[in-house]
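Engineer: Structure file my_file.txt (compact mmCIF, C-alpha atoms and all ligand atoms) is given on the next line.
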```
# COMPACT_ATOMS: atom_id res chain seq x y z
CA MET R 1 0.00 0.00 0.00
CA LYS R 2 1.54 3.32 -1.10
CA ILE R 3 0.40 6.46 0.73
CA ALA R 4 1.99 9.89 0.21
CA MET R 5 1.47 12.98 2.36
CA VAL R 6 2.46 16.18 0.53
CA TYR R 7 2.42 19.46 2.37
CA THR R 8 3.51 23.08 2.51
CA SER R 9 4.01 25.27 5.57
CA VAL R 10 5.64 28.65 6.12
CA THR R 11 5.23 29.35 9.84
CA GLY R 12 4.91 25.71 11.00
CA ASN R 13 1.18 25.31 11.72
CA THR R 14 0.42 23.01 8.79
CA GLU R 15 3.63 21.11 9.46
CA ALA R 16 2.51 20.55 13.07
CA LEU R 17 -0.84 19.23 11.79
CA MET R 18 0.98 17.00 9.32
CA ARG R 19 3.03 15.55 12.25
CA MET R 20 -0.18 14.89 14.20
CA ILE R 21 -1.61 13.01 11.22
CA GLU R 22 1.68 11.13 10.79
CA GLN R 23 1.41 10.12 14.45
CA ALA R 24 -2.12 8.83 13.84
CA PHE R 25 -0.78 6.66 10.99
CA GLN R 26 2.02 5.38 13.21
CA THR R 27 -0.42 4.52 16.00
CA GLN R 28 -2.26 2.29 13.54
CA GLY R 29 1.02 0.80 12.25
CA LEU R 30 0.43 2.19 8.75
CA PRO R 31 3.22 3.42 6.47
CA VAL R 32 3.09 6.93 4.98
CA ASP R 33 5.73 8.70 2.87
CA ILE R 34 6.05 12.40 3.67
CA TYR R 35 7.11 15.08 1.19
CA PRO R 36 7.41 18.83 1.45
CA ILE R 37 5.89 20.01 -1.84
CA HIS R 38 9.25 20.93 -3.42
CA ALA R 39 10.45 17.31 -2.96
CA PHE R 40 7.36 15.62 -4.43
CA ASP R 41 7.44 14.17 -7.95
CA LEU R 42 4.36 15.46 -9.81
CA GLU R 43 4.92 13.22 -12.84
CA LYS R 44 2.95 10.08 -11.97
CA LEU R 45 0.32 10.73 -9.35
CA GLN R 46 -1.43 7.46 -10.20
CA GLN R 47 1.52 5.45 -8.85
CA TRP R 48 0.08 6.17 -5.37
CA ASP R 49 -2.87 4.37 -3.78
CA ALA R 50 -3.57 7.49 -1.71
CA ILE R 51 -2.32 11.08 -1.67
CA ILE R 52 -2.92 13.40 1.28
CA VAL R 53 -2.54 17.13 0.62
CA GLY R 54 -1.72 19.63 3.39
CA THR R 55 -1.87 23.38 2.82
CA TYR R 56 -2.25 26.73 4.51
CA SER R 57 -4.32 29.49 2.82
CA TRP R 58 -3.15 32.78 1.44
CA GLY R 59 -4.57 36.11 0.30
CA ASN R 60 -8.33 35.82 -0.03
CA GLY R 61 -8.52 32.09 0.69
CA HIS R 62 -6.08 31.33 -2.09
CA ILE R 63 -3.89 28.33 -2.75
CA PRO R 64 -0.22 29.07 -2.00
CA ARG R 65 1.87 29.54 -5.12
CA GLU R 66 4.02 26.45 -4.44
CA MET R 67 0.89 24.22 -4.42
CA ARG R 68 -0.48 25.34 -7.78
CA ALA R 69 1.49 22.81 -9.87
CA LEU R 70 0.18 19.96 -7.72
CA PHE R 71 -3.37 21.28 -8.16
CA ALA R 72 -2.88 21.38 -11.95
CA ALA R 73 -1.29 17.90 -11.99
CA PHE R 74 -4.44 16.39 -10.45
CA GLU R 75 -6.53 18.18 -13.07
CA GLN R 76 -4.36 17.00 -15.96
CA GLN R 77 -3.57 13.39 -15.04
CA GLU R 78 -5.84 10.34 -14.82
CA THR R 79 -6.25 10.14 -11.04
CA ARG R 80 -9.82 8.87 -10.63
CA ALA R 81 -8.48 5.70 -8.95
CA VAL R 82 -6.37 7.60 -6.41
CA VAL R 83 -7.92 7.99 -2.95
CA THR R 84 -7.25 11.49 -1.61
CA ALA R 85 -7.63 13.63 1.48
CA VAL R 86 -6.90 17.28 2.17
CA PHE R 87 -6.10 19.08 5.41
CA GLY R 88 -5.01 22.56 6.28
CA THR R 89 -4.64 25.31 8.81
CA GLY R 90 -6.03 28.80 8.48
CA ASP R 91 -7.04 31.85 10.46
CA SER R 92 -10.77 32.51 10.90
CA PHE R 93 -9.95 36.22 11.04
CA TYR R 94 -9.93 36.01 7.22
CA PRO R 95 -13.28 35.91 5.37
CA HIS R 96 -12.52 32.64 3.60
CA PHE R 97 -11.27 30.33 6.37
CA CYS R 98 -9.01 27.61 4.92
CA GLY R 99 -10.04 28.62 1.40
CA ALA R 100 -7.19 26.61 -0.13
CA VAL R 101 -8.56 23.44 1.53
CA ASP R 102 -11.97 24.19 0.00
CA GLN R 103 -10.46 24.71 -3.45
CA PHE R 104 -8.49 21.45 -3.25
CA ARG R 105 -11.58 19.65 -1.90
CA ASP R 106 -13.75 20.76 -4.83
CA MET R 107 -11.13 19.79 -7.41
CA LEU R 108 -10.20 16.46 -5.75
CA TYR R 109 -13.89 15.56 -5.52
CA VAL R 110 -14.10 15.78 -9.31
CA HIS R 111 -10.73 14.30 -10.31
CA THR R 112 -10.00 11.69 -7.60
CA ASP R 113 -11.75 9.57 -4.98
CA LEU R 114 -11.82 12.16 -2.19
CA ALA R 115 -12.28 10.50 1.22
CA VAL R 116 -11.98 13.19 3.89
CA THR R 117 -11.00 16.80 4.70
CA LEU R 118 -9.78 18.51 7.88
CA LYS R 119 -9.45 22.20 8.79
CA VAL R 120 -7.69 23.49 11.90
CA GLU R 121 -7.46 27.00 13.35
CA LEU R 122 -3.79 28.04 13.33
CA LEU R 123 -1.66 25.74 15.53
CA PRO R 124 -3.23 22.32 16.23
CA GLN R 125 -4.18 21.68 19.87
CA GLU R 126 -4.67 18.61 22.06
CA GLN R 127 -8.30 18.21 20.95
CA ASP R 128 -7.15 17.90 17.34
CA VAL R 129 -5.39 14.58 18.05
CA GLN R 130 -8.75 12.80 17.95
CA ARG R 131 -9.76 14.63 14.77
CA CYS R 132 -6.52 13.46 13.14
CA GLN R 133 -7.23 9.89 14.18
CA ALA R 134 -10.73 10.11 12.67
CA PHE R 135 -9.20 11.63 9.51
CA VAL R 136 -6.84 8.65 9.10
CA GLU R 137 -9.61 6.14 9.87
CA ARG R 138 -11.88 7.63 7.19
CA LEU R 139 -9.09 7.60 4.65
CA MET R 140 -8.20 3.99 5.43
CA THR R 141 -11.83 2.83 5.23
CA ARG R 142 -12.08 4.31 1.73
CA LEU R 143 -8.70 2.95 0.70
CA ASN R 144 -9.55 -0.57 1.89
CA GLN R 145 -12.84 -0.44 -0.06
CA HIS R 146 -10.85 0.62 -3.10
CA LEU R 147 -8.27 -2.12 -2.79
CA GLU R 148 -11.02 -4.74 -2.35
CA GLN R 149 -12.78 -3.56 -5.51
CA LYS R 150 -9.49 -3.63 -7.39
CA SER R 151 -8.87 -7.24 -6.38
CA ILE R 152 -12.40 -8.23 -7.48
CA PHE R 153 -12.02 -6.68 -10.93
CA ASN R 154 -8.39 -7.72 -11.58
C1 LIG C 201 -1.04 37.48 4.23
C2 LIG C 201 -1.81 36.33 4.83
C3 LIG C 201 -2.99 35.95 4.25
C4 LIG C 201 -3.76 34.91 4.81
N1 LIG C 201 -4.97 34.58 4.24
C5 LIG C 201 -5.73 33.61 4.81
C6 LIG C 201 -7.00 33.28 4.28
O1 LIG C 201 -7.47 33.83 3.30
N2 LIG C 201 -7.71 32.31 4.91
C7 LIG C 201 -7.26 31.66 6.03
O2 LIG C 201 -7.96 30.80 6.55
N3 LIG C 201 -6.05 31.96 6.55
C8 LIG C 201 -5.27 32.90 5.98
N4 LIG C 201 -4.05 33.22 6.51
C9 LIG C 201 -3.60 32.50 7.72
C10 LIG C 201 -2.68 31.31 7.43
O3 LIG C 201 -3.24 30.42 6.49
C11 LIG C 201 -2.45 30.57 8.76
O4 LIG C 201 -1.69 31.40 9.61
C12 LIG C 201 -1.78 29.23 8.58
O5 LIG C 201 -1.90 28.49 9.78
C13 LIG C 201 -0.33 29.34 8.20
O6 LIG C 201 0.15 28.03 7.99
P1 LIG C 201 1.67 27.64 8.18
O7 LIG C 201 2.06 27.97 9.63
O8 LIG C 201 1.71 26.18 7.91
O9 LIG C 201 2.47 28.44 7.20
C14 LIG C 201 -3.28 34.24 5.96
C15 LIG C 201 -2.06 34.62 6.52
C16 LIG C 201 -1.33 35.66 5.98
C17 LIG C 201 -0.03 36.06 6.64
```
Mind turning the file's structure into structure tokens?
Structural biologist:
Amino acid sequence: MKIAMVYTSVTGNTEALMRMIEQAFQTQGLPVDIYPIHAFDLEKLQQWDAIIVGTYSWGNGHIPREMRALFAAFEQQETRAVVTAVFGTGDSFYPHFCGAVDQFRDMLYVHTDLAVTLKVELLPQEQDVQRCQAFVERLMTRLNQHLEQKSIFN
């Protein structure tokens, strides 16, 4: 099972959330490969069973510049069979809270098999540990359904 978690973070909030999600994978004994966006190969997204996207939001709920190529890669490649999830941190002071998560969610819903999303206010807190566990459980339920279907049809 190949699962990638691709993220961006400037001031560390989204990275802290990514670590919490990584911990939830580890608790369940599941492997996940982690990539800061600049280290992720955008060429063959369909080589992954699941891709988890982590992003902060910028401007008026915009996707950060460094995440735009990943966004376009999902739109351009055949990724309907890839299970996805998106998480992010934002600041509810801004009118469009976690707008980049919403934009990824809408696109991933169309181009992939989107399983779950998660938004957190700034730096994740103790109560977010449980939300991260639920996030991983939802993703894994969808992924297991997917892998079962694959084995029936292959
Ligand atoms: C100039 C600027 C614009 C921002 N715009 C938004 C926004 O539109 N929506 C939102 O939810 N958060 C917005 N934020 C807040 C960041 O997304 C938030 O601080 C986030 O946790 C930063 O993530 P990072 O620590 O991983 O870099 C903005 C922050 C800055 C500095």
Engineer: Which residue gives the smallest distance to Leu17 (chain R) among R:Val82, R:Val53, R:Met107, R:Ala72, with only C-alpha atoms counted?
Structural biologist: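 When distances to Leu17 (chain R) are compared using only C-alpha atoms, the smallest one comes from R:Val53.
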Engineer: Measuring between only C-alpha atoms, which one of R:Val83, R:Cys132, R:Ile152, R:Ile63 shows the shortest distance to Gln26 (chain R)?
Structural biologist: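 Checking each candidate against Gln26 (chain R), we get R:Cys132 as the closest.
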Engineer: Kindly work out which residues sit at most 7 Å from ligand LIG 201 (chain C), using all atoms listed in the file, and give the list as a PDB file with C-alpha atoms, in the frame of the given file.
Structural biologist:
```
ATOM      1  CA  THR R   8       3.510  23.080   2.510  1.00  0.00           C
ATOM      2  CA  SER R   9       4.010  25.270   5.570  1.00  0.00           C
ATOM      3  CA  VAL R  10       5.640  28.650   6.120  1.00  0.00           C
ATOM      4  CA  THR R  11       5.230  29.350   9.840  1.00  0.00           C
ATOM      5  CA  GLY R  12       4.910  25.710  11.000  1.00  0.00           C
ATOM      6  CA  ASN R  13       1.180  25.310  11.720  1.00  0.00           C
ATOM      7  CA  THR R  14       0.420  23.010   8.790  1.00  0.00           C
ATOM      8  CA  GLU R  15       3.630  21.110   9.460  1.00  0.00           C
ATOM      9  CA  THR R  55      -1.870  23.380   2.820  1.00  0.00           C
ATOM     10  CA  TYR R  56      -2.250  26.730   4.510  1.00  0.00           C
ATOM     11  CA  SER R  57      -4.320  29.490   2.820  1.00  0.00           C
ATOM     12  CA  TRP R  58      -3.150  32.780   1.440  1.00  0.00           C
ATOM     13  CA  GLY R  59      -4.570  36.110   0.300  1.00  0.00           C
ATOM     14  CA  ASN R  60      -8.330  35.820  -0.030  1.00  0.00           C
ATOM     15  CA  GLY R  61      -8.520  32.090   0.690  1.00  0.00           C
ATOM     16  CA  HIS R  62      -6.080  31.330  -2.090  1.00  0.00           C
ATOM     17  CA  THR R  89      -4.640  25.310   8.810  1.00  0.00           C
ATOM     18  CA  GLY R  90      -6.030  28.800   8.480  1.00  0.00           C
ATOM     19  CA  ASP R  91      -7.040  31.850  10.460  1.00  0.00           C
ATOM     20  CA  SER R  92     -10.770  32.510  10.900  1.00  0.00           C
ATOM     21  CA  TYR R  94      -9.930  36.010   7.220  1.00  0.00           C
ATOM     22  CA  PRO R  95     -13.280  35.910   5.370  1.00  0.00           C
ATOM     23  CA  HIS R  96     -12.520  32.640   3.600  1.00  0.00           C
ATOM     24  CA  PHE R  97     -11.270  30.330   6.370  1.00  0.00           C
ATOM     25  CA  CYS R  98      -9.010  27.610   4.920  1.00  0.00           C
ATOM     26  CA  GLY R  99     -10.040  28.620   1.400  1.00  0.00           C
ATOM     27  CA  GLU R 121      -7.460  27.000  13.350  1.00  0.00           C
ATOM     28  CA  LEU R 122      -3.790  28.040  13.330  1.00  0.00           C
ATOM     29  CA  LEU R 123      -1.660  25.740  15.530  1.00  0.00           C
TER      30      LEU R 123
END
```
Engineer: Quote the spacing between CA of Pro36 (chain R) and CA of Tyr7 (chain R) in Å to one decimal place.
Structural biologist: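 These two atoms are separated by 5.1 Å.
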Engineer: With distances taken over all atoms listed in the file, which residue among R:Ala100, R:Met5, R:Leu108, R:Ala50 lies nearest His146 (chain R)?
Structural biologist: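 Selected residue with least distance to His146 (chain R): R:Ala50.
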Engineer: When distances are computed from all atoms listed in the file, which of R:Thr112, R:Gln133, R:Asn144, R:Gln47 shows the smallest separation from Phe74 (chain R)?
Structural biologist: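 Closest residue, counting all atoms listed in the file: R:Thr112.
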Engineer: So, with only C-alpha atoms as the atoms that count, which of R:Ile21, R:Ala81, R:Val101, R:Val120 lies closest to Val136 (chain R)?
Structural biologist: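 For Val136 (chain R), the nearest of the candidates is R:Ile21.
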Engineer: Write out all heavy atoms for region 103-114 of chain R, as a compact mmCIF listing (two decimals), keeping the file's coordinate frame.
Structural biologist:
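Final file, rebuild-v5.txt:
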```txt
# COMPACT_ATOMS: atom_id res chain seq x y z
N GLN R 103 -10.76 24.80 -2.01
CA GLN R 103 -10.46 24.71 -3.45
C GLN R 103 -9.92 23.32 -3.81
O GLN R 103 -10.32 22.74 -4.82
CB GLN R 103 -9.46 25.78 -3.85
CG GLN R 103 -10.06 27.17 -3.84
CD GLN R 103 -9.16 28.17 -4.53
OE1 GLN R 103 -8.68 27.96 -5.63
NE2 GLN R 103 -8.88 29.27 -3.86
N PHE R 104 -9.00 22.81 -3.00
CA PHE R 104 -8.49 21.45 -3.25
C PHE R 104 -9.63 20.44 -3.14
O PHE R 104 -9.76 19.53 -3.96
CB PHE R 104 -7.36 21.09 -2.28
CG PHE R 104 -5.98 21.32 -2.87
CD1 PHE R 104 -5.24 22.44 -2.52
CD2 PHE R 104 -5.42 20.42 -3.77
CE1 PHE R 104 -3.98 22.66 -3.07
CE2 PHE R 104 -4.16 20.63 -4.31
CZ PHE R 104 -3.43 21.75 -3.96
N ARG R 105 -10.47 20.60 -2.10
CA ARG R 105 -11.58 19.65 -1.90
C ARG R 105 -12.47 19.59 -3.15
O ARG R 105 -12.78 18.50 -3.64
CB ARG R 105 -12.41 20.12 -0.70
CG ARG R 105 -13.65 19.28 -0.42
CD ARG R 105 -14.65 20.07 0.40
NE ARG R 105 -15.10 21.25 -0.33
CZ ARG R 105 -15.59 22.36 0.22
NH1 ARG R 105 -15.71 22.45 1.53
NH2 ARG R 105 -15.98 23.38 -0.52
N ASP R 106 -12.85 20.74 -3.68
CA ASP R 106 -13.75 20.76 -4.83
C ASP R 106 -13.11 20.10 -6.05
O ASP R 106 -13.76 19.35 -6.78
CB ASP R 106 -14.16 22.20 -5.17
CG ASP R 106 -15.04 22.80 -4.09
OD1 ASP R 106 -15.49 22.05 -3.19
OD2 ASP R 106 -15.27 24.02 -4.12
N MET R 107 -11.83 20.37 -6.26
CA MET R 107 -11.13 19.79 -7.41
C MET R 107 -10.92 18.29 -7.21
O MET R 107 -11.16 17.49 -8.12
CB MET R 107 -9.79 20.53 -7.61
CG MET R 107 -8.94 20.03 -8.76
SD MET R 107 -7.98 18.59 -8.36
CE MET R 107 -6.86 19.25 -7.13
N LEU R 108 -10.48 17.89 -6.01
CA LEU R 108 -10.20 16.46 -5.75
C LEU R 108 -11.49 15.64 -5.80
O LEU R 108 -11.47 14.47 -6.20
CB LEU R 108 -9.53 16.29 -4.37
CG LEU R 108 -8.10 16.85 -4.27
CD1 LEU R 108 -7.61 16.81 -2.82
CD2 LEU R 108 -7.13 16.09 -5.18
N TYR R 109 -12.59 16.25 -5.45
CA TYR R 109 -13.89 15.56 -5.52
C TYR R 109 -14.21 15.17 -6.97
O TYR R 109 -14.76 14.11 -7.24
CB TYR R 109 -14.99 16.45 -4.94
CG TYR R 109 -16.34 15.81 -4.95
CD1 TYR R 109 -16.67 14.83 -4.02
CD2 TYR R 109 -17.29 16.16 -5.90
CE1 TYR R 109 -17.90 14.22 -4.03
CE2 TYR R 109 -18.54 15.55 -5.92
CZ TYR R 109 -18.83 14.58 -4.98
OH TYR R 109 -20.06 13.97 -5.01
N VAL R 110 -13.83 16.03 -7.89
CA VAL R 110 -14.10 15.78 -9.31
C VAL R 110 -13.07 14.82 -9.93
O VAL R 110 -13.43 13.93 -10.69
CB VAL R 110 -14.10 17.12 -10.10
CG1 VAL R 110 -14.21 16.89 -11.61
CG2 VAL R 110 -15.21 18.02 -9.61
N HIS R 111 -11.81 14.99 -9.59
CA HIS R 111 -10.73 14.30 -10.31
C HIS R 111 -10.18 13.07 -9.61
O HIS R 111 -9.36 12.34 -10.19
CB HIS R 111 -9.59 15.27 -10.60
CG HIS R 111 -9.96 16.33 -11.59
ND1 HIS R 111 -9.97 16.11 -12.95
CD2 HIS R 111 -10.37 17.60 -11.41
CE1 HIS R 111 -10.35 17.21 -13.57
NE2 HIS R 111 -10.61 18.13 -12.65
N THR R 112 -10.55 12.83 -8.34
CA THR R 112 -10.00 11.69 -7.60
C THR R 112 -11.13 11.08 -6.76
O THR R 112 -12.27 11.52 -6.83
CB THR R 112 -8.88 12.15 -6.64
OG1 THR R 112 -9.44 12.88 -5.54
CG2 THR R 112 -7.84 13.03 -7.33
N ASP R 113 -10.77 10.10 -5.93
CA ASP R 113 -11.75 9.57 -4.98
C ASP R 113 -11.48 10.22 -3.62
O ASP R 113 -10.74 9.69 -2.80
CB ASP R 113 -11.60 8.04 -4.91
CG ASP R 113 -12.70 7.42 -4.07
OD1 ASP R 113 -13.58 8.16 -3.59
OD2 ASP R 113 -12.67 6.19 -3.91
N LEU R 114 -12.06 11.39 -3.43
CA LEU R 114 -11.82 12.16 -2.19
C LEU R 114 -12.51 11.48 -1.00
O LEU R 114 -13.71 11.24 -1.02
CB LEU R 114 -12.36 13.58 -2.36
CG LEU R 114 -12.25 14.48 -1.13
CD1 LEU R 114 -10.79 14.80 -0.81
CD2 LEU R 114 -13.03 15.77 -1.33
```
